[in-house]
Amino acid sequence: MKILVAGAGGFIGGHLVNDLIIKKHNVISVDRKPFHDWYQLNELSNNIENLDLKELNNCQKVTKDIDHVINLACDMGGIGYITSYKADCMLSVLVNTNLLRASKDNSVKKFFFSSSACIYPHDLQSSNKSLALKESDAYPANCQDGYGWEKLFSERMCRHFKEDFGLKMSIARFHNCYGPYGAWKDGREKAPAAIARKFVEAKLLKKNDIEIWGNGNQVRSFMYVDDVVTGIQKLIDSNFSEPLNVGSSEDVSINTLADILEEISGVKPKRNYNLSLPQGVYNRNSDNTLIKETLDWEPSISLKSGMEKTYKWIYDEFKKTKK
């Protein structure tokens with residue numbers, strides 16, 4: 001296949017491109033960032049830097065003669081980023097809209113859109129009772145402000161391009177992806193990388209305490225990036241066209257995540273809970289009933305296993321910054 005990966009310079013994009021290259025696909029990797037800002041750069045891919053896909057003419061050029069478009073391109077990050085840069089997050093709607101228009105015009109065979117669990121209603125996620133969100137819970141809509149609304153609108157746009165123009169579609173609602181070769185210190189990092197970095201700092205700098213955003217009882221599920229890459233390709237290879245949860249069903253509190261990192265790092269710093277910083281919803285987990293029925297698969301890499309690899313990578317990266 002000739003596959004366009006939009007947002008290839010990002011965290012998931014870098015891992016996905018590597019896997020597609022291993023599987024002998026012809027990959028065109030595009031990102032608006034210069035190469036030195038890409039998380040990973042595979043020399044066997046046709047790499048294009050500094051290309052803004054908010055512009056229709058750029059989308060028209062890179063989708064010509066493409067079989068599959070995989071749209072991972074968006075402005076996003078952890079809770080600190082998406083609550084601070086709502087307009088930037090919503091402008092990503094231009095990327096998806098123009099990629100859809102170009103894919104229709106250039107007769108692309110399949111279009112993949114990366115949505116998010118942030119589309120799920122806030123009022124369903126405010127209880128301290130564990131809740132696994134199923135796909136039908138998306139409506140009535142009450143999304144994460146900014147980022148979540150852009151993702152839900154883009155899901156609808158994908159649906160209508162399928163209905164009106166026959167463009168074949170795959171849509172994944174990702175739940176908290178993490179792993180090596182991602183953001184870990186620039187303000188865009190998510191909880192697994194942020195807390196892993198704090199334990200690295202405690203170990204290497206002999207710090208006695210770390211800061212936790214919120215009271216530590218917030219519940220999440222975290223999906224290791226290898227499962228993300230597998231899920232994307234399984235969904236594209238299927239005939240399923242509705243939004244589908246792609247996430248781990250192993251829900252844990254932030255405190256439990258910190259417990260796991262204590263075991264991995266061998267240090268036990270005091271936890272200082274900062275209730276004034278962004279915390280997101282109280283409770284979010286993935287109901288995997290539909291993905292198991294549809295793909296006969298679900299993400300299965302344990303949080304302990306994934307965090308061991310992630311902690312080691314951040315540990316090594318942190319040491320490089322101190323040389």
# chains A, B, ... in the order shown; residues from 1 in each chain; ligands from 1
>>> residues_around(residues="Val69 of chain A", least_positions_apart="3", cutoff="8 Å", atoms="only C-alpha atoms", output="list of chain:residue names")
A:Ile3, A:Leu4, A:Val5, A:Ala6, A:Thr63, A:Ile66, A:Ser103, A:Val108, A:Lys110, A:Phe111, A:Phe112
>>> residues_around(residues="Leu277 of chain A", least_positions_apart="3", cutoff="12 Å", atoms="only C-alpha atoms", output="ChimeraX atom specification")
/A:79-81,83-84,211-215,273-274,280
>>> residues_around(residues="segment 44-53 of chain A", least_positions_apart="2", cutoff="9 Å", atoms="only C-alpha atoms", output="PyMOL selection string")
chain A and resi 6+8-9+17-18+21+26-35+38+41-42+55-59+73+94-96+98-99
>>> write_last_selection(atoms="N, CA, C and O atoms", output="short mmCIF file (atom, residue, chain, number, x, y, z; two decimals), in the first residue's frame")
data_model
loop_
_atom_site.label_atom_id
_atom_site.label_comp_id
_atom_site.auth_asym_id
_atom_site.auth_seq_id
_atom_site.Cartn_x
_atom_site.Cartn_y
_atom_site.Cartn_z
N ALA A 6 -0.22 11.52 8.23
CA ALA A 6 -0.23 12.93 8.58
C ALA A 6 0.00 13.05 10.09
O ALA A 6 -0.63 12.35 10.88
N ALA A 8 3.19 12.60 11.17
CA ALA A 8 4.20 11.55 11.33
C ALA A 8 5.31 11.94 12.29
O ALA A 8 6.01 11.07 12.82
N GLY A 9 5.49 13.23 12.52
CA GLY A 9 6.53 13.67 13.44
C GLY A 9 6.11 13.61 14.89
O GLY A 9 6.92 13.91 15.78
N VAL A 17 4.86 4.77 11.64
CA VAL A 17 5.67 4.77 10.41
C VAL A 17 6.70 3.65 10.46
O VAL A 17 6.88 2.91 9.47
N ASN A 18 7.38 3.50 11.58
CA ASN A 18 8.38 2.43 11.70
C ASN A 18 7.77 1.07 11.43
O ASN A 18 8.35 0.22 10.73
N ILE A 21 6.83 0.61 7.71
CA ILE A 21 8.03 0.38 6.90
C ILE A 21 8.49 -1.07 7.04
O ILE A 21 8.86 -1.73 6.04
N ASN A 26 4.78 1.48 1.28
CA ASN A 26 5.36 2.72 0.76
C ASN A 26 4.76 3.86 1.57
O ASN A 26 3.57 4.17 1.41
N VAL A 27 5.54 4.49 2.43
CA VAL A 27 5.02 5.45 3.41
C VAL A 27 5.48 6.87 3.07
O VAL A 27 6.67 7.11 2.84
N ILE A 28 4.51 7.77 3.03
CA ILE A 28 4.80 9.20 2.91
C ILE A 28 4.49 9.83 4.27
O ILE A 28 3.35 9.77 4.74
N SER A 29 5.49 10.38 4.90
CA SER A 29 5.38 10.90 6.26
C SER A 29 5.41 12.43 6.21
O SER A 29 6.37 13.02 5.72
N VAL A 30 4.35 13.04 6.75
CA VAL A 30 4.20 14.49 6.65
C VAL A 30 3.98 15.09 8.04
O VAL A 30 3.25 14.53 8.86
N ASP A 31 4.62 16.22 8.28
CA ASP A 31 4.37 16.96 9.53
C ASP A 31 4.68 18.44 9.29
O ASP A 31 5.52 18.77 8.43
N ARG A 32 4.03 19.30 10.03
CA ARG A 32 4.30 20.74 9.88
C ARG A 32 5.58 21.15 10.61
O ARG A 32 6.09 22.24 10.39
N LYS A 33 6.11 20.28 11.46
CA LYS A 33 7.34 20.59 12.19
C LYS A 33 8.57 20.33 11.33
O LYS A 33 8.54 19.46 10.46
N PRO A 34 9.67 21.03 11.58
CA PRO A 34 10.93 20.69 10.92
C PRO A 34 11.44 19.35 11.43
O PRO A 34 11.09 18.92 12.54
N PHE A 35 12.27 18.70 10.65
CA PHE A 35 12.73 17.35 10.99
C PHE A 35 13.34 17.27 12.39
O PHE A 35 13.16 16.26 13.09
N TRP A 38 10.85 16.32 15.02
CA TRP A 38 10.09 15.07 14.95
C TRP A 38 10.56 14.15 16.07
O TRP A 38 11.75 14.08 16.38
N LEU A 41 12.38 9.80 13.13
CA LEU A 41 12.50 10.05 11.70
C LEU A 41 13.06 8.80 11.04
O LEU A 41 14.21 8.44 11.26
N ASN A 42 12.22 8.14 10.25
CA ASN A 42 12.63 6.91 9.58
C ASN A 42 13.11 7.24 8.16
O ASN A 42 12.33 7.74 7.34
N GLU A 55 -3.87 23.83 5.08
CA GLU A 55 -4.04 24.42 3.75
C GLU A 55 -4.48 23.34 2.76
O GLU A 55 -3.83 22.30 2.63
N LEU A 56 -5.58 23.60 2.05
CA LEU A 56 -6.15 22.61 1.13
C LEU A 56 -5.18 22.22 0.02
O LEU A 56 -5.08 21.04 -0.32
N ASN A 57 -4.45 23.19 -0.53
CA ASN A 57 -3.57 22.85 -1.64
C ASN A 57 -2.47 21.88 -1.22
O ASN A 57 -2.05 21.01 -1.99
N ASN A 58 -1.99 22.00 0.05
CA ASN A 58 -1.00 21.04 0.55
C ASN A 58 -1.60 19.64 0.67
O ASN A 58 -0.95 18.64 0.36
N CYS A 59 -2.85 19.58 1.13
CA CYS A 59 -3.53 18.28 1.25
C CYS A 59 -3.74 17.66 -0.13
O CYS A 59 -3.60 16.44 -0.30
N ALA A 73 -2.68 14.05 12.67
CA ALA A 73 -2.20 15.41 12.85
C ALA A 73 -3.18 16.25 13.66
O ALA A 73 -4.36 16.38 13.29
N LEU A 94 -9.30 22.10 10.67
CA LEU A 94 -8.95 22.43 9.29
C LEU A 94 -8.14 21.34 8.63
O LEU A 94 -8.27 21.08 7.43
N VAL A 95 -7.27 20.68 9.43
CA VAL A 95 -6.47 19.58 8.89
C VAL A 95 -7.38 18.46 8.43
O VAL A 95 -7.30 17.99 7.28
N ASN A 96 -8.26 18.01 9.30
CA ASN A 96 -9.11 16.88 8.96
C ASN A 96 -10.08 17.21 7.83
O ASN A 96 -10.29 16.41 6.91
N ASN A 98 -9.74 19.43 5.38
CA ASN A 98 -9.08 19.54 4.08
C ASN A 98 -8.47 18.23 3.61
O ASN A 98 -8.41 17.96 2.41
N LEU A 99 -8.04 17.37 4.55
CA LEU A 99 -7.59 16.03 4.16
C LEU A 99 -8.76 15.21 3.61
O LEU A 99 -8.59 14.45 2.65
#
>>> closest_residue(among="A:Lys104, A:Pro243, A:Ser116, A:Lys185", to="Arg159 of chain A", atoms="only C-alpha atoms")
A:Pro243
>>> closest_residue(among="A:Glu262, A:Asp19, A:Asp37, A:Asp105", to="Lys198 of chain A", atoms="only C-alpha atoms")
A:Glu262
>>> residues_around(residues="Pro299 of chain A", least_positions_apart="6", cutoff="10 Å", atoms="only C-alpha atoms", output="list in words")
Phe222, Met223, Tyr224, Val225, Asp226, Asp227, Val228, Thr230, Gly231, Val246, Gly247, Ser248, Ser249, Glu250, Asn288, Ile291 and Lys292 of chain A
>>> select_by_dssp(residues="segment 22-174 of chain A", states="strand (DSSP E or B)", output="list of chain:residue names")
A:Asn26, A:Val27, A:Ile28, A:Ser29, A:Val30, A:Asn46, A:Asn47, A:Ile48, A:His68, A:Val69, A:Ile70, A:Asn71, A:Lys110, A:Phe111, A:Phe112, A:Phe113, A:Ser114, A:Ser115, A:Ser116, A:Ala132, A:Leu133, A:Met169, A:Ser170, A:Ile171, A:Ala172, A:Arg173, A:Phe174
>>> decode(residues="segment 35-68 of chain A", atoms="C-alpha atoms", output="PDB file, in the first residue's frame")
ATOM      1  CA  PHE A  35      12.731  17.351  10.994  1.00  0.00           C
ATOM      2  CA  HIS A  36      14.743  18.194  14.123  1.00  0.00           C
ATOM      3  CA  ASP A  37      11.458  18.447  16.081  1.00  0.00           C
ATOM      4  CA  TRP A  38      10.090  15.073  14.947  1.00  0.00           C
ATOM      5  CA  TYR A  39      10.007  12.494  17.744  1.00  0.00           C
ATOM      6  CA  GLN A  40      11.294   9.859  15.317  1.00  0.00           C
ATOM      7  CA  LEU A  41      12.503  10.053  11.700  1.00  0.00           C
ATOM      8  CA  ASN A  42      12.628   6.909   9.578  1.00  0.00           C
ATOM      9  CA  GLU A  43      14.958   7.363   6.597  1.00  0.00           C
ATOM     10  CA  LEU A  44      13.148   4.629   4.641  1.00  0.00           C
ATOM     11  CA  SER A  45      10.008   6.754   4.520  1.00  0.00           C
ATOM     12  CA  ASN A  46       9.403   9.626   2.096  1.00  0.00           C
ATOM     13  CA  ASN A  47       9.580  12.390   4.708  1.00  0.00           C
ATOM     14  CA  ILE A  48       8.136  15.880   4.196  1.00  0.00           C
ATOM     15  CA  GLU A  49       8.761  18.579   6.820  1.00  0.00           C
ATOM     16  CA  ASN A  50       7.261  22.043   7.374  1.00  0.00           C
ATOM     17  CA  LEU A  51       4.031  21.228   5.516  1.00  0.00           C
ATOM     18  CA  ASP A  52       0.891  22.733   7.046  1.00  0.00           C
ATOM     19  CA  LEU A  53      -2.095  20.499   6.277  1.00  0.00           C
ATOM     20  CA  LYS A  54      -4.526  23.206   7.345  1.00  0.00           C
ATOM     21  CA  GLU A  55      -4.038  24.416   3.749  1.00  0.00           C
ATOM     22  CA  LEU A  56      -6.147  22.610   1.133  1.00  0.00           C
ATOM     23  CA  ASN A  57      -3.567  22.847  -1.639  1.00  0.00           C
ATOM     24  CA  ASN A  58      -0.999  21.037   0.549  1.00  0.00           C
ATOM     25  CA  CYS A  59      -3.527  18.284   1.246  1.00  0.00           C
ATOM     26  CA  GLN A  60      -4.290  17.968  -2.471  1.00  0.00           C
ATOM     27  CA  LYS A  61      -0.602  17.494  -3.272  1.00  0.00           C
ATOM     28  CA  VAL A  62       0.214  14.822  -0.674  1.00  0.00           C
ATOM     29  CA  THR A  63      -2.942  12.711  -1.182  1.00  0.00           C
ATOM     30  CA  LYS A  64      -2.368  12.236  -4.919  1.00  0.00           C
ATOM     31  CA  ASP A  65      -2.055   8.507  -5.800  1.00  0.00           C
ATOM     32  CA  ILE A  66      -2.395   7.522  -2.116  1.00  0.00           C
ATOM     33  CA  ASP A  67      -4.219   4.321  -1.081  1.00  0.00           C
ATOM     34  CA  HIS A  68      -4.709   5.028   2.636  1.00  0.00           C
TER      35      HIS A  68
END
